[in-house]
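> start-v4.cif is reproduced below (mmCIF, C-alpha atoms).
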data_final
loop_
_atom_site.label_atom_id
_atom_site.label_comp_id
_atom_site.auth_asym_id
_atom_site.auth_seq_id
_atom_site.Cartn_x
_atom_site.Cartn_y
_atom_site.Cartn_z
CA MET A 66 -16.83 3.57 20.96
CA LYS A 67 -20.05 4.33 19.10
CA VAL A 68 -19.92 3.84 15.34
CA SER A 69 -22.48 4.50 12.66
CA ILE A 70 -21.84 2.55 9.47
CA ARG A 71 -24.16 2.14 6.50
CA VAL A 72 -24.06 -1.47 5.37
CA ASN A 73 -25.76 -2.28 2.06
CA GLY A 74 -27.82 0.88 2.38
CA GLN A 75 -29.00 0.19 5.94
CA SER A 76 -27.79 2.26 8.90
CA THR A 77 -26.12 0.29 11.64
CA ASP A 78 -25.28 1.88 14.99
CA ASN A 79 -23.26 -0.01 17.55
CA ASP A 80 -20.89 0.43 20.44
CA VAL A 81 -17.69 -1.43 19.58
CA GLU A 82 -14.22 -1.98 20.96
CA PRO A 83 -11.64 0.03 18.98
CA ARG A 84 -9.79 -3.19 18.14
CA LEU A 85 -12.80 -4.74 16.40
CA LEU A 86 -11.99 -5.34 12.73
CA LEU A 87 -14.48 -4.32 10.06
CA VAL A 88 -14.83 -7.94 8.92
CA GLN A 89 -15.78 -8.97 12.45
CA TYR A 90 -18.20 -6.09 12.63
CA LEU A 91 -19.89 -7.26 9.44
CA ARG A 92 -19.97 -10.94 10.39
CA ASP A 93 -20.44 -10.96 14.16
CA VAL A 94 -22.20 -7.67 14.92
CA VAL A 95 -24.32 -7.07 11.81
CA GLY A 96 -24.68 -10.79 11.07
CA LEU A 97 -23.69 -10.75 7.41
CA THR A 98 -21.48 -13.81 7.00
CA GLY A 99 -21.05 -13.66 3.21
CA THR A 100 -17.75 -11.86 3.70
CA ASN A 101 -15.21 -14.55 4.54
CA ILE A 102 -12.10 -14.45 6.68
CA GLY A 103 -9.37 -16.33 4.84
CA CYS A 104 -5.75 -15.60 5.62
CA ASP A 105 -6.50 -12.78 8.07
CA THR A 106 -3.22 -11.12 6.99
CA SER A 107 -4.39 -8.87 4.07
CA SER A 108 -3.08 -11.34 1.50
CA CYS A 109 -5.93 -13.51 0.21
CA GLY A 110 -8.72 -11.02 -0.45
CA ALA A 111 -11.57 -13.28 0.75
CA CYS A 112 -12.72 -10.44 3.03
CA THR A 113 -12.92 -7.83 0.24
CA VAL A 114 -15.82 -5.38 0.59
CA HIS A 115 -16.43 -1.91 -0.80
CA LEU A 116 -15.72 1.06 1.47
CA ASN A 117 -17.27 4.17 -0.08
CA GLY A 118 -17.33 2.32 -3.40
CA GLU A 119 -13.73 1.05 -3.39
CA ALA A 120 -12.53 -2.50 -2.74
CA VAL A 121 -10.68 -2.91 0.58
CA LYS A 122 -9.64 -5.86 2.71
CA SER A 123 -11.93 -5.71 5.71
CA CYS A 124 -9.55 -7.77 7.86
CA THR A 125 -7.16 -4.80 7.78
CA VAL A 126 -9.62 -2.01 8.55
CA LEU A 127 -10.87 -1.22 12.04
CA ALA A 128 -14.61 -0.79 12.42
CA VAL A 129 -13.90 2.63 14.00
CA GLN A 130 -12.04 3.65 10.82
CA ALA A 131 -15.21 2.87 8.84
CA ASP A 132 -17.36 5.05 11.12
CA GLY A 133 -19.57 7.16 8.85
CA ALA A 134 -18.71 5.15 5.75
CA ASP A 135 -20.84 3.29 3.24
CA ILE A 136 -20.00 -0.40 3.09
CA THR A 137 -21.21 -2.81 0.43
CA THR A 138 -20.82 -6.54 1.00
CA ILE A 139 -21.58 -9.45 -1.31
CA GLU A 140 -25.10 -9.53 0.19
CA GLY A 141 -25.69 -6.00 -1.09
CA LEU A 142 -25.02 -6.68 -4.78
CA ALA A 143 -28.18 -8.50 -5.85
CA LYS A 144 -31.17 -6.20 -6.35
CA ASP A 145 -34.83 -7.24 -6.27
CA GLY A 146 -33.97 -10.93 -6.31
CA GLN A 147 -31.83 -10.49 -9.43
CA LEU A 148 -28.19 -11.45 -9.27
CA HIS A 149 -25.77 -8.62 -9.99
CA PRO A 150 -24.36 -9.05 -13.53
CA MET A 151 -20.97 -9.97 -12.09
CA GLN A 152 -22.53 -12.64 -9.88
CA ALA A 153 -24.47 -13.96 -12.88
CA ALA A 154 -21.26 -14.02 -14.92
CA PHE A 155 -19.53 -16.12 -12.24
CA GLN A 156 -22.47 -18.54 -12.31
CA ASP A 157 -22.60 -18.73 -16.11
CA ASN A 158 -18.85 -19.23 -16.47
CA HIS A 159 -18.36 -21.65 -13.58
CA GLY A 160 -16.17 -19.06 -11.90
CA LEU A 161 -16.12 -20.92 -8.60
CA GLN A 162 -15.20 -24.30 -7.27
CA CYS A 163 -15.32 -24.46 -3.46
CA GLY A 164 -16.68 -20.91 -3.39
CA PHE A 165 -14.70 -19.61 -0.43
CA CYS A 166 -12.85 -16.90 -2.35
CA THR A 167 -15.89 -16.01 -4.47
CA PRO A 168 -17.41 -13.14 -2.43
CA GLY A 169 -14.04 -11.41 -2.37
CA MET A 170 -13.38 -12.15 -6.04
CA VAL A 171 -16.76 -10.71 -7.05
CA MET A 172 -16.34 -7.57 -4.91
CA ALA A 173 -12.80 -7.00 -6.20
CA ALA A 174 -14.00 -7.55 -9.78
CA VAL A 175 -16.87 -5.06 -9.49
CA SER A 176 -14.44 -2.48 -8.09
CA LEU A 177 -12.09 -3.06 -11.04
CA VAL A 178 -14.94 -2.59 -13.50
CA ASN A 179 -16.09 0.58 -11.71
CA GLU A 180 -12.60 2.00 -12.06
CA GLY A 181 -12.49 1.15 -15.75
CA ARG A 182 -9.56 -1.18 -15.25
CA VAL A 183 -10.92 -4.23 -17.06
CA THR A 184 -9.67 -4.02 -20.63
CA ASP A 185 -8.33 -7.47 -21.43
CA GLU A 186 -7.37 -10.76 -19.80
CA ARG A 187 -4.07 -9.40 -18.53
CA SER A 188 -5.75 -6.45 -16.84
CA VAL A 189 -8.03 -8.86 -14.99
CA ARG A 190 -5.18 -11.11 -13.91
CA GLU A 191 -3.21 -8.10 -12.64
CA GLY A 192 -6.27 -6.47 -11.11
CA LEU A 193 -7.05 -9.60 -9.09
CA GLU A 194 -3.50 -9.91 -7.75
CA GLY A 195 -4.85 -9.40 -4.24
CA ASN A 196 -7.30 -12.31 -4.39
CA LEU A 197 -6.21 -15.91 -4.03
CA CYS A 198 -8.18 -18.98 -5.11
CA ARG A 199 -6.93 -22.07 -3.33
CA CYS A 200 -8.73 -24.29 -5.85
CA THR A 201 -6.54 -22.50 -8.43
CA GLY A 202 -9.65 -21.91 -10.52
CA TYR A 203 -8.26 -18.74 -12.01
CA HIS A 204 -9.03 -19.54 -15.64
CA ASN A 205 -12.79 -19.46 -15.18
CA ILE A 206 -12.61 -16.60 -12.69
CA VAL A 207 -10.87 -14.45 -15.28
CA GLN A 208 -13.42 -15.50 -17.94
CA SER A 209 -16.21 -14.61 -15.51
CA VAL A 210 -14.84 -11.14 -14.85
CA LEU A 211 -14.38 -10.45 -18.55
CA ALA A 212 -17.97 -11.58 -19.19
CA GLY A 213 -19.27 -9.60 -16.23
CA ALA A 214 -17.49 -6.48 -17.42
CA LYS A 215 -19.01 -6.93 -20.87
CA SER A 216 -22.52 -7.24 -19.49
CA GLY A 217 -22.13 -3.89 -17.75
CA ALA A 218 -21.38 -5.08 -14.26
CA SER A 219 -20.63 -1.74 -12.67
CA LYS A 220 -22.16 -0.41 -9.45
CA MET B 292 -6.28 -12.50 14.86
CA ILE B 293 -7.24 -9.60 17.05
CA PRO B 294 -4.97 -6.75 18.15
CA ALA B 295 -4.31 -6.17 21.84
CA SER B 296 -6.64 -3.60 23.42
CA PHE B 297 -5.91 0.06 22.83
CA ASP B 298 -7.58 3.42 23.17
CA TYR B 299 -8.59 5.13 19.96
CA VAL B 300 -8.62 8.88 19.40
CA ARG B 301 -9.38 10.66 16.16
CA ALA B 302 -7.38 13.73 15.23
CA ASP B 303 -9.33 16.69 13.81
CA ASN B 304 -6.28 18.31 12.22
CA ALA B 305 -2.48 18.14 12.24
CA ASP B 306 -2.11 20.35 15.32
CA HIS B 307 -4.58 18.18 17.20
CA ALA B 308 -2.68 15.04 16.20
CA ILE B 309 0.58 16.51 17.52
CA LYS B 310 -1.11 17.55 20.75
CA LEU B 311 -2.48 14.05 21.20
CA LEU B 312 0.97 12.57 20.56
CA ALA B 313 2.50 14.89 23.16
CA GLU B 314 -0.21 13.90 25.61
CA HIS B 315 0.22 10.16 25.21
CA GLY B 316 3.97 10.03 24.63
CA ASP B 317 5.74 6.85 23.57
CA ASP B 318 2.65 4.70 24.05
CA ALA B 319 0.86 6.32 21.13
CA LYS B 320 1.10 5.42 17.46
CA LEU B 321 -0.28 7.29 14.50
CA LEU B 322 -2.78 5.41 12.35
CA ALA B 323 -3.17 6.44 8.70
CA GLY B 324 -4.37 3.76 6.26
CA GLY B 325 -3.30 1.10 8.74
CA HIS B 326 -1.84 -1.26 6.17
CA SER B 327 1.58 -1.44 7.80
CA LEU B 328 0.54 -0.98 11.43
CA LEU B 329 -2.61 -3.12 11.74
CA PRO B 330 -0.97 -6.34 10.44
CA LEU B 331 1.78 -5.88 13.06
CA MET B 332 -0.80 -5.23 15.77
CA LYS B 333 -2.79 -8.33 14.79
CA LEU B 334 0.38 -10.39 15.23
CA ARG B 335 0.97 -8.53 18.52
CA LEU B 336 4.36 -7.44 17.25
CA ALA B 337 3.16 -3.91 17.97
CA THR B 338 1.03 -3.17 21.02
CA PRO B 339 0.51 0.59 21.23
CA SER B 340 -1.83 1.60 24.03
CA VAL B 341 -3.23 4.55 22.09
CA LEU B 342 -3.92 4.93 18.37
CA VAL B 343 -4.17 8.48 17.07
CA ASP B 344 -6.15 8.23 13.83
CA VAL B 345 -4.98 10.78 11.26
CA GLY B 346 -6.75 8.94 8.42
CA ARG B 347 -9.38 11.66 8.06
CA LEU B 348 -6.99 14.58 7.62
CA SER B 349 -7.96 15.00 3.98
CA ASP B 350 -6.07 18.31 3.73
CA LEU B 351 -2.89 16.19 3.90
CA SER B 352 -3.90 14.26 0.79
CA TYR B 353 -2.63 16.07 -2.30
CA ILE B 354 -0.16 15.98 -5.19
CA ARG B 355 0.89 19.50 -6.13
CA ASP B 356 3.26 21.10 -8.59
CA ALA B 357 5.66 23.15 -6.45
CA GLY B 358 8.07 24.43 -9.10
CA ASP B 359 11.23 22.36 -8.94
CA HIS B 360 9.56 19.56 -7.01
CA VAL B 361 6.24 17.81 -6.58
CA ALA B 362 4.74 18.17 -3.10
CA VAL B 363 2.93 15.03 -1.96
CA GLY B 364 0.77 15.13 1.16
CA ALA B 365 1.60 12.36 3.61
CA LEU B 366 -1.98 11.05 3.60
CA THR B 367 -1.99 10.54 -0.18
CA ARG B 368 -2.92 6.95 -0.96
CA HIS B 369 -0.93 4.68 -3.26
CA HIS B 370 -4.05 4.52 -5.44
CA ASP B 371 -3.95 8.29 -5.94
CA LEU B 372 -0.21 8.26 -6.70
CA GLU B 373 -0.58 5.51 -9.30
CA HIS B 374 -3.27 7.52 -11.14
CA SER B 375 -1.67 10.97 -10.91
CA ASP B 376 -1.12 12.71 -14.25
CA LEU B 377 1.27 15.17 -12.59
CA LEU B 378 3.48 12.34 -11.33
CA GLY B 379 3.13 10.65 -14.72
CA SER B 380 4.82 13.59 -16.41
CA ASP B 381 7.18 14.83 -13.69
CA VAL B 382 8.03 11.80 -11.49
CA PRO B 383 6.99 8.71 -13.44
CA LEU B 384 9.16 6.44 -11.28
CA LEU B 385 7.05 7.26 -8.20
CA ARG B 386 3.77 6.80 -10.08
CA HIS B 387 4.87 3.43 -11.45
CA ALA B 388 6.28 2.13 -8.15
CA ALA B 389 3.14 3.14 -6.23
CA GLY B 390 1.20 0.88 -8.59
CA GLN B 391 3.45 -2.02 -7.57
CA VAL B 392 2.71 -1.73 -3.84
CA GLY B 393 0.58 -4.62 -2.53
CA ASP B 394 -2.60 -5.00 -4.58
CA PRO B 395 -5.52 -2.73 -5.56
CA GLN B 396 -7.29 -3.19 -2.22
CA VAL B 397 -4.13 -2.33 -0.28
CA ARG B 398 -3.52 0.69 -2.51
CA HIS B 399 -7.03 1.98 -1.76
CA ARG B 400 -6.07 2.30 1.92
CA GLY B 401 -2.28 2.54 2.28
CA THR B 402 -0.65 5.98 2.21
CA ILE B 403 2.79 7.19 1.17
CA GLY B 404 3.33 8.83 4.56
CA GLY B 405 2.37 5.70 6.43
CA SER B 406 4.71 3.60 4.34
CA ILE B 407 7.62 6.02 4.78
CA ALA B 408 7.06 6.59 8.50
CA HIS B 409 6.93 2.83 9.04
CA GLY B 410 10.48 2.63 7.65
CA ASP B 411 10.26 -0.98 6.50
CA PRO B 412 13.34 -1.93 4.43
CA ALA B 413 11.13 -4.33 2.41
CA SER B 414 8.76 -1.53 1.30
CA ASP B 415 8.96 -0.16 -2.22
CA LEU B 416 8.49 3.58 -1.74
CA PRO B 417 11.40 4.30 0.65
CA ALA B 418 13.86 3.04 -2.00
CA VAL B 419 12.11 5.16 -4.62
CA LEU B 420 12.45 8.28 -2.47
CA LEU B 421 16.14 7.49 -1.91
CA ALA B 422 16.73 7.27 -5.66
CA LEU B 423 14.84 10.52 -6.21
CA ARG B 424 16.55 12.30 -3.26
CA ALA B 425 13.29 13.39 -1.68
CA THR B 426 12.86 15.56 1.41
CA MET B 427 10.41 14.83 4.23
CA VAL B 428 8.56 17.55 6.10
CA ALA B 429 7.71 16.80 9.72
CA GLN B 430 5.50 18.89 11.98
CA GLY B 431 6.02 18.91 15.73
CA PRO B 432 5.09 21.07 18.72
CA ASN B 433 7.71 23.64 17.70
CA GLY B 434 6.79 23.91 14.04
CA THR B 435 7.98 22.13 10.94
CA ARG B 436 11.39 20.87 9.86
CA GLU B 437 12.79 19.24 6.75
CA ILE B 438 14.59 15.91 6.86
CA GLY B 439 16.60 14.70 3.87
CA VAL B 440 15.85 11.14 2.85
CA ASP B 441 19.44 10.11 3.61
CA ASP B 442 18.94 11.10 7.25
CA PHE B 443 15.44 9.71 7.56
CA PHE B 444 15.79 5.94 7.93
CA THR B 445 17.79 5.36 11.10
CA GLY B 446 17.27 1.69 11.98
CA PHE B 447 15.00 -1.31 11.52
CA LEU B 448 11.49 0.20 11.46
CA GLU B 449 12.99 3.37 12.94
CA THR B 450 13.04 6.84 11.46
CA ALA B 451 14.26 10.31 12.38
CA LEU B 452 10.70 11.32 13.31
CA ALA B 453 10.40 12.25 16.99
CA PRO B 454 7.58 10.60 18.98
CA ASP B 455 5.63 13.87 18.90
CA GLU B 456 6.14 14.59 15.20
CA LEU B 457 3.80 14.00 12.27
CA LEU B 458 5.11 13.47 8.74
CA THR B 459 3.08 15.94 6.69
CA GLU B 460 4.65 16.18 3.24
CA ILE B 461 7.12 14.49 0.93
CA ARG B 462 8.94 16.78 -1.52
CA VAL B 463 10.07 14.92 -4.59
CA PRO B 464 12.44 16.67 -7.01
CA LYS B 465 11.05 16.63 -10.52
CA ALA B 466 12.66 14.13 -12.88
CA THR B 467 10.86 15.19 -16.05
CA GLY B 468 12.26 13.33 -19.03
CA ALA B 469 14.79 11.44 -16.91
CA GLY B 470 15.45 7.75 -17.50
CA TRP B 471 14.14 5.53 -14.74
CA SER B 472 13.48 1.94 -13.79
CA PHE B 473 11.86 0.02 -10.97
CA GLN B 474 12.84 -3.62 -10.59
CA LYS B 475 10.84 -5.66 -8.11
CA PHE B 476 11.75 -9.31 -7.80
CA ASN B 477 9.19 -11.48 -6.04
CA ARG B 478 7.64 -14.92 -6.35
CA ARG B 479 3.96 -13.94 -6.41
CA ALA B 480 2.37 -10.79 -7.76
CA GLN B 481 1.42 -9.15 -4.47
CA ASP B 482 4.44 -10.24 -2.42
CA TRP B 483 7.04 -7.98 -0.90
CA ALA B 484 10.16 -7.64 -3.00
CA ILE B 485 12.80 -10.25 -2.23
CA VAL B 486 15.07 -7.52 -3.58
CA GLY B 487 13.97 -4.33 -5.30
CA VAL B 488 15.82 -1.55 -7.11
CA ALA B 489 14.65 1.98 -7.89
CA CYS B 490 16.81 3.88 -10.34
CA VAL B 491 16.69 7.33 -11.90
CA LYS B 492 19.16 8.90 -14.30
CA ASN B 493 18.85 12.64 -14.21
CA GLY B 494 22.34 13.92 -14.90
CA SER B 495 23.66 11.93 -11.97
CA THR B 496 22.35 8.48 -11.08
CA GLY B 497 20.18 7.67 -8.06
CA ILE B 498 19.75 4.06 -6.91
CA GLY B 499 17.65 2.94 -3.93
CA LEU B 500 17.55 -0.66 -2.70
CA VAL B 501 14.66 -2.64 -1.21
CA ASN B 502 15.30 -5.39 1.33
CA MET B 503 19.11 -5.25 1.28
CA GLY B 504 19.64 -4.36 4.95
CA PRO B 505 17.94 -3.29 8.16
CA THR B 506 16.91 0.01 6.56
CA PRO B 507 16.10 1.14 3.02
CA LEU B 508 19.55 1.70 1.47
CA ARG B 509 21.25 3.83 -1.15
CA ALA B 510 23.65 1.95 -3.47
CA THR B 511 26.30 4.66 -3.16
CA ALA B 512 29.16 2.79 -4.85
CA ALA B 513 27.02 1.83 -7.84
CA GLU B 514 25.66 5.39 -8.09
CA ASN B 515 29.17 6.83 -8.13
CA ALA B 516 30.36 4.33 -10.69
CA ALA B 517 27.38 4.95 -12.98
CA SER B 518 27.60 8.73 -12.59
CA GLY B 519 31.30 8.48 -13.41
CA GLY B 520 30.58 6.78 -16.72
CA ALA B 521 31.03 3.10 -15.82
CA SER B 522 29.05 0.57 -17.85
CA ALA B 523 25.84 -0.80 -16.39
CA SER B 524 27.44 -4.15 -15.58
CA ASP B 525 30.54 -2.57 -14.01
CA ALA B 526 28.41 -0.26 -11.85
CA ALA B 527 26.08 -3.13 -10.93
CA ASN B 528 29.05 -5.21 -9.78
CA VAL B 529 29.48 -2.98 -6.73
CA ALA B 530 25.74 -2.72 -5.96
CA ASP B 531 26.01 -4.87 -2.84
CA GLN B 532 28.77 -2.77 -1.29
CA ASP B 533 27.87 -1.60 2.23
CA THR B 534 24.66 -3.63 2.26
CA ASP B 535 23.70 -6.14 4.92
CA PRO B 536 21.01 -8.29 3.33
CA PRO B 537 18.84 -10.51 5.51
CA ALA B 538 18.45 -14.26 5.07
CA ASP B 539 14.90 -15.60 5.23
CA LEU B 540 12.73 -18.31 3.73
CA ASN B 541 12.79 -16.60 0.33
CA ALA B 542 16.50 -16.04 -0.09
CA SER B 543 19.90 -16.41 1.53
CA GLU B 544 22.20 -13.43 2.02
CA GLU B 545 24.38 -14.71 -0.82
CA PHE B 546 21.40 -14.96 -3.19
CA ARG B 547 20.35 -11.39 -2.39
CA ARG B 548 23.88 -10.12 -3.05
CA HIS B 549 23.76 -11.82 -6.44
CA LEU B 550 20.23 -10.66 -7.17
CA VAL B 551 20.91 -7.01 -6.41
CA LYS B 552 23.70 -6.95 -8.98
CA VAL B 553 21.44 -8.45 -11.62
CA LEU B 554 18.61 -6.05 -10.84
CA VAL B 555 20.82 -2.93 -10.70
CA ARG B 556 22.28 -3.86 -14.09
CA ARG B 557 18.79 -4.28 -15.54
CA ALA B 558 17.68 -1.02 -13.94
CA LEU B 559 20.65 0.93 -15.29
CA GLU B 560 20.09 -0.54 -18.74
CA GLU B 561 16.41 0.28 -18.72
CA ALA B 562 17.05 3.79 -17.40
CA GLY B 563 19.53 4.31 -20.22
CA SER B 564 23.02 3.84 -18.84
#
Take the structure in the file and write it out as structure tokens.

Amino acid sequence: MKVSIRVNGQSTDNDVEPRLLLVQYLRDVVGLTGTNIGCDTSSCGACTVHLNGEAVKSCTVLAVQADGADITTIEGLAKDGQLHPMQAAFQDNHGLQCGFCTPGMVMAAVSLVNEGRVTDERSVREGLEGNLCRCTGYHNIVQSVLAGAKSGASK
Amino acid sequence: MIPASFDYVRADNADHAIKLLAEHGDDAKLLAGGHSLLPLMKLRLATPSVLVDVGRLSDLSYIRDAGDHVAVGALTRHHDLEHSDLLGSDVPLLRHAAGQVGDPQVRHRGTIGGSIAHGDPASDLPAVLLALRATMVAQGPNGTREIGVDDFFTGFLETALAPDELLTEIRVPKATGAGWSFQKFNRRAQDWAIVGVACVKNGSTGIGLVNMGPTPLRATAAENAASGGASASDAANVADQDTDPPADLNASEEFRRHLVKVLVRRALEEAGS
């Protein structure tokens, strides 16, 4: 089936099998491998991207469901060679260890900020309930999100 | 993990969806947000040969004041329920419980209709609708019909919906000012409930149970006891009557029977027994 999906502002048009998952579309068809496949069961959040501005788990969305949608991946956050404020906050606060969960953490965090849901540490911990860090580096991740929210990390 | 091959058709409206279901019969499944169905398909526990996508029927996404009840369109997402001011004032139990489903990403995609039509006894919202005594509206080739929540869940992952019917609306009686509680016991934030309890006290008492049998269940004995003036702990003591809890890696049957009594007592106390 033909799909037309805007990825990080660029149109992509491809003929895909209906069973192709959005995460596979992004990684294998478009070639953007920043979005990771972790658990592949909608638990870990490593595959989090924005679909029309909202965080979703791209391992549990079919590419055909995203036909006509705007997708933003981790590659689409930095602008003009400048890290997005949330990315910068993760760097400044050592918000990553092995880095595998980081793209999903950052995308989930930006979505939380956009929805005005980052108010305090608890709100971040609850808001990131769908993202797992197997290094258990949550302390610095939460600090990063709080710092990123402060530095105006929306959009 | 990749689902087995299937054909994909997109419904333009409810009538079209029903026509497509009639055309493809038992081999077809409706796809809404996909957050119950796609995980099953990836594990090949479900292998429909045709998916009828109703995810774009935005006219079935609404939360409306309908006098004595709130009318919720089947395609309304958990995210929209958890942020609804109307539900906040008239059915706060539903608003709160919707915010406990999965995680924010899941709630951006999953819908109330999809969750209900899936009929999973481990899901939160079926128990909530049992407690609130909701009514489902289904549309089929011969028009619409209402199905009371007590007649809706017929077996494990089975509902009263016919293969050619589409769940279109959930009618939730208003519980403005009523006491309520939602108790979800799990090990990690986003997990399914090991046992869950939805409770509303609105004159009489409504109690729905999560994960206490092959279907979402009503705790009839505990409801009757609480409505008849029994204390929270006395009513909770009969909360496992007529249940058939599963045993799995999280809990034995015995543990669930114990847990449901604890959670029903807490729920009744919080709801103001």
> Nearest to A:Tyr203: which of A:Thr100, A:Thr137, A:Gln162, A:Thr184 is it, counting only C-alpha atoms?
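The answer is A:Gln162, which sits nearest to A:Tyr203.
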> Can you work out the spacing between atom CA of B:Arg398 and atom CA of B:Glu460 in Å, to one decimal?
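Between atom CA of B:Arg398 and atom CA of B:Glu460 the gap is 18.4 Å.
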> Check the smallest atom-to-atom distance from each of B:Arg478, B:Arg301, B:His315, B:Arg355 to A:Gln130 using only C-alpha atoms, then report the winner.
B:Arg301
> Do me a favour and pick out the residues of chain B within 9 Å of chain A, using all atoms listed in the file, as a ChimeraX atom specification.
/B:292-299,324-326,329-330,333,344,346-347,393-400,479-482
> Excluding same-chain residues fewer than 3 positions from B:Val419, what lies within 10 Å of it counting all atoms listed in the file, as a list of chain:residue names?
B:Leu384, B:Leu385, B:Ala388, B:Ala389, B:Ser414, B:Asp415, B:Leu416, B:Ala422, B:Leu423, B:Arg424, B:Ala425, B:Val463, B:Ser472, B:Phe473, B:Gly487, B:Val488, B:Ala489, B:Cys490, B:Val491, B:Gly497, B:Ile498, B:Gly499, B:Leu500, B:Val501, B:Pro507, B:Arg509
> Using Å and a single decimal, report how far atom CA of B:Ser327 sits from atom CA of B:Ser406.
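Interatomic distance here is 6.9 Å.
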> Decode the PyMOL selection byres ((chain B and resi 443) around 10) for the given file into explicit residues and return them as an MDAnalysis selection string.
chainID B and resid 407:408 410 417 421 426:427 437:442 444:446 449:452 506:507
> Any chance you could tabulate, as a tab-separated table, the residues of stretch 370-482 of chain B at most 12 Å from stretch 517-538 of chain B with each one's nearest atom pair and distance in Å to one decimal, using all atoms listed in the file, in chain and rising number order?

residue	atom	partner	partner_atom	distance
B:Pro412	CA	B:Pro536	CA	10.0
B:Ala413	CA	B:Pro537	CA	10.4
B:Phe447	CA	B:Pro537	CA	11.6
> Report, in Å with one decimal, the straight-line distance from atom CA of B:Ala466 to atom CA of B:Gly379.
10.3 Å
> Decode the PyMOL selection byres ((chain A and resi 77) around 12) for the given file into explicit residues and return them as a list in words.
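Going through the file, the PyMOL selection byres ((chain A and resi 77) around 12) ends up selecting Lys67, Val68, Ser69, Ile70, Arg71, Val72, Asn73, Gly74, Gln75, Ser76, Asp78, Asn79, Asp80, Val81, Tyr90, Leu91, Val94, Val95, Gly96, Ala128, Ala131, Asp132, Gly133, Ala134, Asp135 and Ile136 of chain A.
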> Care to translate the PyMOL selection byres ((chain B and resi 305) around 9) into actual residues of this file, as JSON, numbers by chain?
{"B": [302, 303, 304, 306, 307, 308, 309, 310, 345, 348, 351, 430, 457, 459]}
> For B:Val392, which residue out of B:Asp317, B:Ala365, B:Glu373, B:Leu342 is the nearest one, using only C-alpha atoms?
B:Glu373
> Which neighbours of A:Asn179 fall inside 10 Å, counting only C-alpha atoms, when residues of the same chain fewer than 2 positions from it are skipped, and could you give them as a compact mmCIF listing (two decimals) with C-alpha atoms, in the frame of the given file?

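Everything below was put into out-v1.txt:
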# COMPACT_ATOMS: atom_id res chain seq x y z
CA GLY A 118 -17.33 2.32 -3.40
CA GLU A 119 -13.73 1.05 -3.39
CA ALA A 173 -12.80 -7.00 -6.20
CA ALA A 174 -14.00 -7.55 -9.78
CA VAL A 175 -16.87 -5.06 -9.49
CA SER A 176 -14.44 -2.48 -8.09
CA LEU A 177 -12.09 -3.06 -11.04
CA GLY A 181 -12.49 1.15 -15.75
CA ARG A 182 -9.56 -1.18 -15.25
CA VAL A 183 -10.92 -4.23 -17.06
CA ALA A 214 -17.49 -6.48 -17.42
CA GLY A 217 -22.13 -3.89 -17.75
CA ALA A 218 -21.38 -5.08 -14.26
CA SER A 219 -20.63 -1.74 -12.67
CA LYS A 220 -22.16 -0.41 -9.45
> With 3 Å of padding per side, what axis-aligned box (centre and edge lengths, Å, one decimal) covers all the listed atoms of stretch 388-401 of chain B? Give it as lines of an AutoDock Vina configuration file.

center_x = -0.5
center_y = -0.9
center_z = -3.2
size_x = 19.6
size_y = 14.1
size_z = 16.9
> Using all atoms listed in the file for the distances, tell me which of B:Gly563, B:Gly364, B:Pro464, B:Gly504 is nearest to B:Thr402.
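Closest to B:Thr402, using all atoms listed in the file: B:Gly364.
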